[in-house]
>>> print(open('entry-v9.cif').read())   # mmCIF, C-alpha atoms
data_structure
loop_
_atom_site.label_atom_id
_atom_site.label_comp_id
_atom_site.auth_asym_id
_atom_site.auth_seq_id
_atom_site.Cartn_x
_atom_site.Cartn_y
_atom_site.Cartn_z
CA MET A 250 -6.49 23.61 -76.88
CA ILE A 251 -9.38 26.12 -76.58
CA GLU A 252 -11.73 23.95 -78.65
CA LEU A 253 -11.24 21.19 -76.08
CA PHE A 254 -13.63 23.02 -73.76
CA SER A 255 -16.47 22.54 -76.25
CA TYR A 256 -16.63 18.85 -75.33
CA GLN A 257 -18.92 17.81 -72.49
CA PHE A 258 -16.59 15.08 -71.23
CA VAL A 259 -13.94 17.71 -70.48
CA TRP A 260 -16.27 19.63 -68.16
CA VAL A 261 -17.36 16.38 -66.52
CA ALA A 262 -13.72 15.41 -65.93
CA LEU A 263 -12.91 18.84 -64.47
CA PHE A 264 -15.95 18.66 -62.19
CA VAL A 265 -15.07 15.15 -61.01
CA SER A 266 -11.52 16.36 -60.33
CA PHE A 267 -12.94 19.20 -58.24
CA LEU A 268 -15.05 16.77 -56.20
CA VAL A 269 -12.16 14.35 -55.65
CA SER A 270 -9.81 17.19 -54.71
CA ILE A 271 -12.09 18.16 -51.81
CA CYS A 272 -12.03 14.58 -50.56
CA SER A 273 -8.26 14.49 -51.07
CA GLY A 274 -7.77 17.70 -49.11
CA VAL A 275 -9.76 16.58 -46.08
CA ILE A 276 -9.25 12.80 -46.00
CA GLY A 277 -5.63 13.07 -47.14
CA SER A 278 -4.86 15.48 -44.31
CA MET A 279 -6.50 13.09 -41.84
CA ILE A 280 -4.39 10.21 -43.17
CA VAL A 281 -1.12 12.15 -43.00
CA ALA A 282 -1.84 13.87 -39.67
CA ASN A 283 -2.80 10.58 -38.05
CA LYS A 284 0.11 8.73 -39.73
CA ASN A 285 -2.22 6.11 -41.20
CA VAL A 286 -1.07 6.01 -44.83
CA PHE A 287 -0.35 2.28 -44.65
CA VAL A 288 -3.79 1.66 -43.15
CA ALA A 289 -5.42 3.63 -45.97
CA GLY A 290 -3.49 1.49 -48.45
CA GLY A 291 -4.81 -1.64 -46.78
CA VAL A 292 -8.38 -0.36 -47.00
CA ALA A 293 -7.95 0.57 -50.68
CA HIS A 294 -6.63 -2.83 -51.70
CA SER A 295 -9.02 -4.81 -49.52
CA ALA A 296 -11.92 -2.92 -51.16
CA PHE A 297 -11.11 -4.82 -54.35
CA GLY A 298 -12.71 -7.82 -52.67
CA GLY A 299 -15.95 -5.83 -52.65
CA VAL A 300 -15.58 -5.16 -56.37
CA GLY A 301 -15.24 -8.89 -57.01
CA LEU A 302 -18.22 -9.67 -54.76
CA ALA A 303 -20.37 -7.08 -56.56
CA LEU A 304 -19.51 -8.48 -60.00
CA PHE A 305 -20.13 -12.03 -58.79
CA CYS A 306 -23.52 -11.20 -57.24
CA GLY A 307 -24.56 -8.67 -59.88
CA PHE A 308 -24.89 -5.39 -57.96
CA SER A 309 -23.09 -2.01 -57.97
CA THR A 310 -19.31 -2.27 -57.76
CA MET A 311 -19.14 1.01 -55.83
CA LEU A 312 -21.58 -0.36 -53.23
CA GLY A 313 -19.58 -3.57 -52.96
CA ALA A 314 -16.30 -1.70 -52.55
CA LEU A 315 -17.86 0.63 -49.96
CA CYS A 316 -19.26 -2.24 -47.87
CA PHE A 317 -16.01 -4.19 -48.02
CA GLY A 318 -13.88 -1.11 -47.36
CA VAL A 319 -15.96 0.08 -44.39
CA ALA A 320 -15.99 -3.41 -42.85
CA MET A 321 -12.22 -3.62 -43.21
CA ALA A 322 -11.82 -0.11 -41.77
CA ILE A 323 -13.78 -1.11 -38.65
CA PHE A 324 -11.61 -4.22 -38.29
CA LEU A 325 -8.40 -2.19 -38.65
CA ALA A 326 -9.70 0.44 -36.22
CA TYR A 327 -10.14 -2.33 -33.65
CA ALA A 328 -6.59 -3.52 -34.34
CA PHE A 329 -5.29 0.05 -34.08
CA LEU A 330 -6.96 0.54 -30.70
CA TYR A 331 -6.38 -2.81 -29.03
CA GLN A 332 -3.54 -4.60 -30.85
CA ARG A 333 -1.46 -1.78 -32.28
CA GLU A 334 1.76 -3.78 -32.10
CA ARG A 335 0.25 -6.19 -34.65
CA LEU A 336 -1.39 -3.55 -36.85
CA ASP A 337 1.12 -3.94 -39.70
CA ALA A 338 0.41 -7.66 -39.87
CA TYR A 339 -3.36 -7.07 -39.93
CA VAL A 340 -3.03 -4.43 -42.65
CA GLY A 341 -0.85 -6.71 -44.77
CA ALA A 342 -3.24 -9.63 -44.34
CA SER A 343 -6.33 -7.56 -45.19
CA TRP A 344 -4.48 -6.06 -48.18
CA ALA A 345 -3.63 -9.50 -49.61
CA PHE A 346 -6.99 -11.07 -48.70
CA GLY A 347 -9.03 -8.34 -50.39
CA MET A 348 -7.00 -8.50 -53.60
CA ALA A 349 -7.04 -12.31 -53.70
CA ILE A 350 -10.75 -12.72 -52.99
CA GLY A 351 -11.52 -10.01 -55.54
CA VAL A 352 -9.56 -11.76 -58.30
CA ILE A 353 -11.15 -15.14 -57.48
CA LEU A 354 -14.71 -13.76 -57.48
CA ILE A 355 -14.12 -11.88 -60.74
CA ASP A 356 -12.83 -15.11 -62.33
CA LEU A 357 -15.98 -16.90 -61.13
CA SER A 358 -18.36 -14.13 -62.21
CA PRO A 359 -20.76 -15.47 -64.86
CA GLY A 360 -20.43 -13.80 -68.25
CA TYR A 361 -17.79 -11.33 -67.08
CA ASN A 362 -14.90 -11.13 -69.52
CA SER A 363 -13.73 -7.56 -69.02
CA ASP A 364 -10.24 -6.49 -68.07
CA ILE A 365 -9.79 -5.63 -64.37
CA SER A 366 -7.38 -2.80 -65.23
CA SER A 367 -10.23 -0.26 -65.05
CA TYR A 368 -10.58 -1.04 -61.35
CA LEU A 369 -6.83 -1.12 -60.75
CA PHE A 370 -6.03 2.16 -62.51
CA GLY A 371 -9.40 3.92 -62.79
CA SER A 372 -10.66 6.36 -65.40
CA ILE A 373 -11.84 9.89 -64.71
CA LEU A 374 -13.74 9.83 -68.02
CA ALA A 375 -15.77 6.77 -67.00
CA VAL A 376 -17.24 8.22 -63.79
CA GLY A 377 -21.04 7.90 -63.87
CA THR A 378 -23.75 10.20 -62.55
CA ASP A 379 -24.37 8.06 -59.46
CA GLU A 380 -20.69 8.20 -58.54
CA MET A 381 -20.61 11.99 -58.97
CA ILE A 382 -23.67 12.38 -56.75
CA ALA A 383 -22.08 10.13 -54.12
CA MET A 384 -18.84 12.14 -54.24
CA ALA A 385 -20.67 15.46 -53.97
CA ALA A 386 -22.78 14.23 -51.04
CA PHE A 387 -19.71 12.91 -49.23
CA ASP A 388 -17.81 16.16 -49.82
CA ILE A 389 -20.67 18.20 -48.36
CA PHE A 390 -20.82 15.86 -45.37
CA LEU A 391 -17.04 16.11 -44.88
CA ILE A 392 -17.07 19.92 -44.91
CA ILE A 393 -19.93 20.08 -42.40
CA PHE A 394 -18.36 17.37 -40.21
CA VAL A 395 -14.97 19.10 -40.06
CA ARG A 396 -16.61 22.47 -39.44
CA LEU A 397 -18.63 21.11 -36.51
CA TYR A 398 -15.98 18.87 -34.94
CA TYR A 399 -12.73 20.56 -35.93
CA TYR A 400 -11.32 20.82 -32.39
CA GLU A 401 -12.25 17.24 -31.55
CA ILE A 402 -10.46 16.04 -34.69
CA LEU A 403 -7.48 18.26 -33.90
CA GLY A 404 -7.20 16.91 -30.37
CA LEU A 405 -7.66 13.33 -31.53
CA PHE A 406 -4.71 13.55 -33.92
CA TYR A 407 -2.28 15.51 -31.77
CA ASP A 408 -3.14 14.74 -28.12
CA SER A 409 -5.61 11.88 -27.83
CA GLU A 410 -4.69 11.11 -24.22
CA PHE A 411 -5.59 14.64 -23.12
CA CYS A 412 -8.88 14.40 -25.04
CA GLN A 413 -9.69 11.17 -23.24
CA THR A 414 -9.18 12.84 -19.85
CA LYS A 415 -11.66 15.52 -20.98
CA GLY A 416 -14.34 12.93 -21.67
CA LEU A 417 -13.93 12.44 -25.42
CA ASN A 418 -14.62 8.85 -26.45
CA VAL A 419 -11.39 8.34 -28.36
CA ASN A 420 -12.25 4.79 -29.44
CA VAL A 421 -15.46 5.90 -31.16
CA TRP A 422 -13.75 8.86 -32.81
CA ILE A 423 -10.88 6.72 -34.12
CA SER A 424 -13.43 4.31 -35.60
CA VAL A 425 -15.32 7.18 -37.23
CA VAL A 426 -12.11 8.55 -38.77
CA PHE A 427 -11.19 5.10 -40.13
CA VAL A 428 -14.65 4.73 -41.70
CA LEU A 429 -14.42 8.20 -43.27
CA ILE A 430 -11.00 7.30 -44.67
CA ALA A 431 -12.46 4.10 -46.15
CA ILE A 432 -15.33 5.96 -47.83
CA GLY A 433 -12.99 8.63 -49.17
CA VAL A 434 -10.59 6.01 -50.53
CA VAL A 435 -13.34 4.04 -52.29
CA LEU A 436 -14.97 7.10 -53.86
CA SER A 437 -11.59 8.37 -55.08
CA MET A 438 -10.79 4.99 -56.65
CA SER A 439 -12.97 5.90 -59.64
CA VAL A 440 -10.34 8.44 -60.73
CA ALA A 441 -7.05 6.66 -60.09
CA GLY A 442 -8.03 3.08 -59.27
CA LEU A 443 -6.90 1.26 -56.16
CA ILE A 444 -3.24 1.17 -57.29
CA LEU A 445 -2.78 4.94 -57.51
CA VAL A 446 -5.50 6.29 -55.21
CA LEU A 447 -3.22 6.39 -52.18
CA ALA A 448 -0.88 8.80 -53.96
CA ILE A 449 -3.72 11.15 -54.91
CA LEU A 450 -4.93 11.20 -51.29
CA SER A 451 -1.60 11.42 -49.47
CA ILE A 452 0.88 13.38 -51.63
CA PRO A 453 -1.04 16.70 -51.66
CA ALA A 454 -1.36 16.45 -47.87
CA TYR A 455 2.38 15.73 -47.53
CA ILE A 456 3.18 18.84 -49.57
CA ALA A 457 0.66 20.94 -47.65
CA ASN A 458 2.09 19.74 -44.35
CA LEU A 459 5.44 21.35 -45.23
CA PHE A 460 3.93 24.81 -45.60
CA SER A 461 1.03 24.88 -43.13
CA HIS A 462 0.82 25.58 -39.42
CA SER A 463 -2.61 24.15 -38.61
CA LEU A 464 -4.80 21.24 -39.63
CA GLY A 465 -7.31 23.61 -41.25
CA SER A 466 -4.71 25.32 -43.43
CA MET A 467 -3.25 21.91 -44.27
CA MET A 468 -6.65 20.75 -45.56
CA PHE A 469 -7.14 23.91 -47.62
CA ILE A 470 -3.65 23.86 -49.17
CA SER A 471 -3.96 20.13 -49.83
CA TRP A 472 -7.27 20.69 -51.64
CA LEU A 473 -5.74 23.45 -53.77
CA ILE A 474 -2.66 21.38 -54.65
CA SER A 475 -4.79 18.37 -55.50
CA LEU A 476 -7.09 20.40 -57.74
CA ILE A 477 -4.25 22.10 -59.63
CA PHE A 478 -2.31 18.89 -60.22
CA MET A 479 -5.40 16.90 -61.22
CA TRP A 480 -6.44 19.50 -63.79
CA ALA A 481 -2.87 19.78 -65.09
CA GLY A 482 -2.57 16.00 -65.26
CA PHE A 483 -5.82 15.72 -67.19
CA PHE A 484 -4.78 18.18 -69.91
CA ILE A 485 -1.25 16.78 -70.21
CA ALA A 486 -2.58 13.20 -70.42
CA TYR A 487 -5.14 14.22 -73.04
CA TYR A 488 -2.50 15.99 -75.12
CA PHE A 489 -0.05 13.06 -75.07
CA ASN A 490 -2.78 10.36 -75.09
CA ILE A 491 -1.57 8.65 -71.90
CA SER A 492 -3.25 7.39 -68.73
CA ILE A 493 -4.82 10.28 -66.81
CA GLY A 494 -4.49 8.73 -63.35
CA ALA A 495 -0.85 7.78 -63.87
CA CYS A 496 -0.04 11.23 -65.27
CA ILE A 497 -1.60 12.92 -62.23
CA VAL A 498 0.40 10.76 -59.84
CA VAL A 499 3.68 11.40 -61.69
CA LEU A 500 3.05 15.16 -61.52
CA LEU A 501 2.22 14.88 -57.82
CA ALA A 502 5.40 12.91 -57.13
CA LEU A 503 7.51 15.47 -58.99
CA GLY A 504 5.70 18.22 -57.11
CA MET A 505 6.43 16.54 -53.78
CA PHE A 506 10.15 16.20 -54.52
CA SER A 507 10.28 19.84 -55.66
CA ALA A 508 8.40 20.99 -52.55
CA MET A 509 10.75 19.06 -50.27
CA LEU A 510 13.76 20.62 -52.01
CA ILE A 511 12.30 24.12 -51.74
CA TYR A 512 11.42 23.53 -48.09
CA LYS A 513 14.95 22.39 -47.21
CA MET A 514 16.52 25.30 -49.09
CA THR A 515 14.31 27.88 -47.42
CA ARG A 516 14.96 26.33 -44.00
CA ARG A 517 18.71 26.48 -44.62
CA PHE A 518 19.00 30.02 -45.97
CA LEU A 519 16.17 31.84 -44.16
#
>>> encode(input="entry-v9.cif", output="structure tokens")
Amino acid sequence: MIELFSYQFVWVALFVSFLVSICSGVIGSMIVANKNVFVAGGVAHSAFGGVGLALFCGFSTMLGALCFGVAMAIFLAYAFLYQRERLDAYVGASWAFGMAIGVILIDLSPGYNSDISSYLFGSILAVGTDEMIAMAAFDIFLIIFVRLYYYEILGLFYDSEFCQTKGLNVNVWISVVFVLIAIGVVLSMSVAGLILVLAILSIPAYIANLFSHSLGSMMFISWLISLIFMWAGFFIAYYFNISIGACIVVLLALGMFSAMLIYKMTRRFL
């Protein structure tokens, strides 16, 4: 196992995991705290339409997914603010539309014969330099953003009506959060693909939520959990020659069930 660290791709994979874990810690906590996991799933799957559009038109798939995901996030933010009783229907429709239009455009793409499984399930070993730079830049922005506007974010998630009475433009802030979630989801898709990305973003935050008493501690614990499980999943997947993204998600799911059991036992006996 020691000789594994002599390979460059191992260090690249570990670094990418570190970058994604930061996004998972912050964005995942936002998703769980704001109870928008289903919305994040809709954004992730609708972003596949951007992948299809990019392949059809011949430009970057990440750029296509980002544009499609952000546009869908703005649409869902509007639905969340003004037609919340129909939000589930809008999410379901955007979910199906994005997947369907993505498949159609990929089928129509000239000269494209590749399997779409790489976009559905991702590959941490196939992340390029441009994607790593984008992840690093977004992580830095997230850390600065949360540091500057922590109390606004906290109030938005836990008492938005009070924040509105204090002059905070809740509609704008909700839209900003939805856009950040969309960007985080799309950038994390390179590791797990759109099928599994929601688990990588939400499960660490769910676990952290059981053992934290503030949004800040939830983000930190979520980052740590995500990093540990992603590194563990990488080495286990490499050893058994199985899918890295799927292995990470299985470990996270087992970790969540274990954490819930430990939490219930400690609550009962302490």
>>> atom_distance(input="entry-v9.cif", atom1="atom CA of A:Ile493", atom2="atom CA of A:Val426")
29.0 Å
>>> resolve_selection(input="entry-v9.cif", expression="the PyMOL selection byres ((chain A and resi 399-416) around 12)", output="PyMOL selection string")
chain A and resi 275-276+278-285+330+391-398+417-426+463-468
>>> closest_residue(input="entry-v9.cif", among="A:Leu436, A:Ala481, A:Ala289, A:Ala431", to="A:Met384", atoms="only C-alpha atoms")
A:Leu436
>>> resolve_selection(input="entry-v9.cif", expression="the PyMOL selection byres ((chain A and resi 459) around 8)", output="list in words")
Tyr455, Ile456, Ala457, Asn458, Phe460, Ser461, Ala508, Met509 and Tyr512 of chain A
>>> atom_distance(input="entry-v9.cif", atom1="atom CA of A:Val446", atom2="atom CA of A:Ser475")
12.1 Å
>>> atom_distance(input="entry-v9.cif", atom1="atom CA of A:Phe254", atom2="atom CA of A:Asp379")
23.3 Å
>>> closest_residue(input="entry-v9.cif", among="A:Ile432, A:Val300, A:Ala495, A:Val376", to="A:Val319", atoms="all atoms listed in the file")
A:Ile432
>>> closest_residue(input="entry-v9.cif", among="A:Leu304, A:Met311, A:Leu443, A:Leu510", to="A:Phe370", atoms="only C-alpha atoms")
A:Leu443
>>> resolve_selection(input="entry-v9.cif", expression="the PyMOL selection byres ((chain A and resi 442) around 7)", output="list of chain:residue names")
A:Tyr368, A:Leu369, A:Phe370, A:Gly371, A:Met438, A:Ser439, A:Val440, A:Ala441, A:Leu443, A:Ile444, A:Leu445, A:Val446
>>> decode(input="entry-v9.cif", residues="stretch 264-311 of chain A", atoms="N, CA and C atoms", output="PDB file, in the first residue's frame")
ATOM      1  N   PHE A 264      -6.092  15.210  -3.539  1.00  0.00           N
ATOM      2  CA  PHE A 264      -6.273  16.667  -3.559  1.00  0.00           C
ATOM      3  C   PHE A 264      -7.676  17.034  -4.035  1.00  0.00           C
ATOM      4  N   VAL A 265      -8.158  16.346  -5.059  1.00  0.00           N
ATOM      5  CA  VAL A 265      -9.522  16.594  -5.541  1.00  0.00           C
ATOM      6  C   VAL A 265     -10.535  16.275  -4.445  1.00  0.00           C
ATOM      7  N   SER A 266     -10.297  15.190  -3.723  1.00  0.00           N
ATOM      8  CA  SER A 266     -11.182  14.831  -2.605  1.00  0.00           C
ATOM      9  C   SER A 266     -11.201  15.927  -1.552  1.00  0.00           C
ATOM     10  N   PHE A 267     -10.036  16.492  -1.278  1.00  0.00           N
ATOM     11  CA  PHE A 267      -9.944  17.588  -0.309  1.00  0.00           C
ATOM     12  C   PHE A 267     -10.768  18.784  -0.771  1.00  0.00           C
ATOM     13  N   LEU A 268     -10.652  19.126  -2.054  1.00  0.00           N
ATOM     14  CA  LEU A 268     -11.402  20.265  -2.588  1.00  0.00           C
ATOM     15  C   LEU A 268     -12.907  20.016  -2.529  1.00  0.00           C
ATOM     16  N   VAL A 269     -13.325  18.821  -2.925  1.00  0.00           N
ATOM     17  CA  VAL A 269     -14.756  18.503  -2.929  1.00  0.00           C
ATOM     18  C   VAL A 269     -15.301  18.431  -1.509  1.00  0.00           C
ATOM     19  N   SER A 270     -14.477  17.984  -0.567  1.00  0.00           N
ATOM     20  CA  SER A 270     -14.937  17.878   0.824  1.00  0.00           C
ATOM     21  C   SER A 270     -15.247  19.251   1.420  1.00  0.00           C
ATOM     22  N   ILE A 271     -14.493  20.274   1.014  1.00  0.00           N
ATOM     23  CA  ILE A 271     -14.793  21.636   1.479  1.00  0.00           C
ATOM     24  C   ILE A 271     -16.158  22.070   0.958  1.00  0.00           C
ATOM     25  N   CYS A 272     -16.380  21.846  -0.330  1.00  0.00           N
ATOM     26  CA  CYS A 272     -17.676  22.170  -0.931  1.00  0.00           C
ATOM     27  C   CYS A 272     -18.790  21.378  -0.262  1.00  0.00           C
ATOM     28  N   SER A 273     -18.527  20.105   0.004  1.00  0.00           N
ATOM     29  CA  SER A 273     -19.521  19.254   0.661  1.00  0.00           C
ATOM     30  C   SER A 273     -19.850  19.763   2.053  1.00  0.00           C
ATOM     31  N   GLY A 274     -18.833  20.182   2.794  1.00  0.00           N
ATOM     32  CA  GLY A 274     -19.059  20.666   4.149  1.00  0.00           C
ATOM     33  C   GLY A 274     -19.930  21.902   4.197  1.00  0.00           C
ATOM     34  N   VAL A 275     -19.658  22.846   3.299  1.00  0.00           N
ATOM     35  CA  VAL A 275     -20.388  24.122   3.313  1.00  0.00           C
ATOM     36  C   VAL A 275     -21.733  23.999   2.603  1.00  0.00           C
ATOM     37  N   ILE A 276     -21.709  23.572   1.343  1.00  0.00           N
ATOM     38  CA  ILE A 276     -22.943  23.473   0.562  1.00  0.00           C
ATOM     39  C   ILE A 276     -23.874  22.410   1.136  1.00  0.00           C
ATOM     40  N   GLY A 277     -23.304  21.279   1.552  1.00  0.00           N
ATOM     41  CA  GLY A 277     -24.129  20.232   2.150  1.00  0.00           C
ATOM     42  C   GLY A 277     -24.849  20.705   3.395  1.00  0.00           C
ATOM     43  N   SER A 278     -24.160  21.481   4.224  1.00  0.00           N
ATOM     44  CA  SER A 278     -24.793  22.024   5.433  1.00  0.00           C
ATOM     45  C   SER A 278     -25.906  22.999   5.077  1.00  0.00           C
ATOM     46  N   MET A 279     -25.693  23.795   4.016  1.00  0.00           N
ATOM     47  CA  MET A 279     -26.744  24.704   3.558  1.00  0.00           C
ATOM     48  C   MET A 279     -27.965  23.922   3.088  1.00  0.00           C
ATOM     49  N   ILE A 280     -27.726  22.841   2.347  1.00  0.00           N
ATOM     50  CA  ILE A 280     -28.830  22.031   1.830  1.00  0.00           C
ATOM     51  C   ILE A 280     -29.634  21.415   2.968  1.00  0.00           C
ATOM     52  N   VAL A 281     -28.931  20.827   3.932  1.00  0.00           N
ATOM     53  CA  VAL A 281     -29.606  20.145   5.037  1.00  0.00           C
ATOM     54  C   VAL A 281     -30.282  21.146   5.970  1.00  0.00           C
ATOM     55  N   ALA A 282     -29.582  22.238   6.299  1.00  0.00           N
ATOM     56  CA  ALA A 282     -30.146  23.235   7.211  1.00  0.00           C
ATOM     57  C   ALA A 282     -31.386  23.896   6.626  1.00  0.00           C
ATOM     58  N   ASN A 283     -31.372  24.103   5.313  1.00  0.00           N
ATOM     59  CA  ASN A 283     -32.503  24.759   4.660  1.00  0.00           C
ATOM     60  C   ASN A 283     -33.542  23.765   4.151  1.00  0.00           C
ATOM     61  N   LYS A 284     -33.287  22.453   4.417  1.00  0.00           N
ATOM     62  CA  LYS A 284     -34.221  21.385   4.016  1.00  0.00           C
ATOM     63  C   LYS A 284     -34.524  21.423   2.520  1.00  0.00           C
ATOM     64  N   ASN A 285     -33.450  21.530   1.714  1.00  0.00           N
ATOM     65  CA  ASN A 285     -33.602  21.625   0.271  1.00  0.00           C
ATOM     66  C   ASN A 285     -32.893  20.490  -0.464  1.00  0.00           C
ATOM     67  N   VAL A 286     -32.867  19.310   0.144  1.00  0.00           N
ATOM     68  CA  VAL A 286     -32.176  18.180  -0.485  1.00  0.00           C
ATOM     69  C   VAL A 286     -32.838  17.813  -1.814  1.00  0.00           C
ATOM     70  N   PHE A 287     -34.169  17.813  -1.844  1.00  0.00           N
ATOM     71  CA  PHE A 287     -34.883  17.463  -3.070  1.00  0.00           C
ATOM     72  C   PHE A 287     -34.613  18.495  -4.163  1.00  0.00           C
ATOM     73  N   VAL A 288     -34.529  19.766  -3.774  1.00  0.00           N
ATOM     74  CA  VAL A 288     -34.216  20.825  -4.733  1.00  0.00           C
ATOM     75  C   VAL A 288     -32.824  20.619  -5.311  1.00  0.00           C
ATOM     76  N   ALA A 289     -31.857  20.292  -4.451  1.00  0.00           N
ATOM     77  CA  ALA A 289     -30.493  20.035  -4.916  1.00  0.00           C
ATOM     78  C   ALA A 289     -30.462  18.862  -5.888  1.00  0.00           C
ATOM     79  N   GLY A 290     -31.276  17.844  -5.620  1.00  0.00           N
ATOM     80  CA  GLY A 290     -31.373  16.715  -6.539  1.00  0.00           C
ATOM     81  C   GLY A 290     -31.924  17.136  -7.893  1.00  0.00           C
ATOM     82  N   GLY A 291     -32.918  18.021  -7.873  1.00  0.00           N
ATOM     83  CA  GLY A 291     -33.467  18.528  -9.122  1.00  0.00           C
ATOM     84  C   GLY A 291     -32.446  19.302  -9.923  1.00  0.00           C
ATOM     85  N   VAL A 292     -31.647  20.124  -9.242  1.00  0.00           N
ATOM     86  CA  VAL A 292     -30.593  20.889  -9.915  1.00  0.00           C
ATOM     87  C   VAL A 292     -29.555  19.949 -10.518  1.00  0.00           C
ATOM     88  N   ALA A 293     -29.153  18.931  -9.752  1.00  0.00           N
ATOM     89  CA  ALA A 293     -28.129  17.991 -10.224  1.00  0.00           C
ATOM     90  C   ALA A 293     -28.573  17.274 -11.493  1.00  0.00           C
ATOM     91  N   HIS A 294     -29.797  16.783 -11.494  1.00  0.00           N
ATOM     92  CA  HIS A 294     -30.261  16.024 -12.652  1.00  0.00           C
ATOM     93  C   HIS A 294     -30.597  16.931 -13.835  1.00  0.00           C
ATOM     94  N   SER A 295     -31.096  18.128 -13.559  1.00  0.00           N
ATOM     95  CA  SER A 295     -31.380  19.044 -14.665  1.00  0.00           C
ATOM     96  C   SER A 295     -30.093  19.522 -15.324  1.00  0.00           C
ATOM     97  N   ALA A 296     -28.984  19.546 -14.568  1.00  0.00           N
ATOM     98  CA  ALA A 296     -27.695  19.971 -15.129  1.00  0.00           C
ATOM     99  C   ALA A 296     -27.225  19.039 -16.237  1.00  0.00           C
ATOM    100  N   PHE A 297     -27.759  17.827 -16.279  1.00  0.00           N
ATOM    101  CA  PHE A 297     -27.396  16.898 -17.347  1.00  0.00           C
ATOM    102  C   PHE A 297     -27.818  17.442 -18.706  1.00  0.00           C
ATOM    103  N   GLY A 298     -28.870  18.267 -18.716  1.00  0.00           N
ATOM    104  CA  GLY A 298     -29.255  18.924 -19.960  1.00  0.00           C
ATOM    105  C   GLY A 298     -28.153  19.823 -20.472  1.00  0.00           C
ATOM    106  N   GLY A 299     -27.433  20.474 -19.551  1.00  0.00           N
ATOM    107  CA  GLY A 299     -26.300  21.307 -19.943  1.00  0.00           C
ATOM    108  C   GLY A 299     -25.153  20.494 -20.497  1.00  0.00           C
ATOM    109  N   VAL A 300     -24.952  19.291 -19.959  1.00  0.00           N
ATOM    110  CA  VAL A 300     -23.921  18.393 -20.494  1.00  0.00           C
ATOM    111  C   VAL A 300     -24.248  18.032 -21.942  1.00  0.00           C
ATOM    112  N   GLY A 301     -25.513  17.666 -22.187  1.00  0.00           N
ATOM    113  CA  GLY A 301     -25.933  17.337 -23.545  1.00  0.00           C
ATOM    114  C   GLY A 301     -25.795  18.514 -24.493  1.00  0.00           C
ATOM    115  N   LEU A 302     -26.171  19.716 -24.027  1.00  0.00           N
ATOM    116  CA  LEU A 302     -26.058  20.915 -24.857  1.00  0.00           C
ATOM    117  C   LEU A 302     -24.600  21.205 -25.198  1.00  0.00           C
ATOM    118  N   ALA A 303     -23.704  21.036 -24.219  1.00  0.00           N
ATOM    119  CA  ALA A 303     -22.281  21.291 -24.447  1.00  0.00           C
ATOM    120  C   ALA A 303     -21.701  20.319 -25.470  1.00  0.00           C
ATOM    121  N   LEU A 304     -22.060  19.044 -25.362  1.00  0.00           N
ATOM    122  CA  LEU A 304     -21.563  18.057 -26.324  1.00  0.00           C
ATOM    123  C   LEU A 304     -22.135  18.310 -27.719  1.00  0.00           C
ATOM    124  N   PHE A 305     -23.384  18.737 -27.770  1.00  0.00           N
ATOM    125  CA  PHE A 305     -24.023  19.009 -29.062  1.00  0.00           C
ATOM    126  C   PHE A 305     -23.408  20.227 -29.754  1.00  0.00           C
ATOM    127  N   CYS A 306     -23.095  21.258 -28.957  1.00  0.00           N
ATOM    128  CA  CYS A 306     -22.561  22.509 -29.518  1.00  0.00           C
ATOM    129  C   CYS A 306     -21.033  22.539 -29.556  1.00  0.00           C
ATOM    130  N   GLY A 307     -20.393  21.612 -28.853  1.00  0.00           N
ATOM    131  CA  GLY A 307     -18.943  21.521 -28.910  1.00  0.00           C
ATOM    132  C   GLY A 307     -18.188  22.426 -27.966  1.00  0.00           C
ATOM    133  N   PHE A 308     -18.719  22.691 -26.765  1.00  0.00           N
ATOM    134  CA  PHE A 308     -17.956  23.460 -25.778  1.00  0.00           C
ATOM    135  C   PHE A 308     -17.864  22.670 -24.474  1.00  0.00           C
ATOM    136  N   SER A 309     -17.247  23.266 -23.447  1.00  0.00           N
ATOM    137  CA  SER A 309     -16.956  22.573 -22.193  1.00  0.00           C
ATOM    138  C   SER A 309     -18.224  22.027 -21.530  1.00  0.00           C
ATOM    139  N   THR A 310     -18.180  20.758 -21.146  1.00  0.00           N
ATOM    140  CA  THR A 310     -19.335  20.156 -20.477  1.00  0.00           C
ATOM    141  C   THR A 310     -19.556  20.764 -19.092  1.00  0.00           C
ATOM    142  N   MET A 311     -18.463  21.148 -18.415  1.00  0.00           N
ATOM    143  CA  MET A 311     -18.628  21.782 -17.104  1.00  0.00           C
ATOM    144  C   MET A 311     -19.334  23.124 -17.244  1.00  0.00           C
TER     145      MET A 311
END
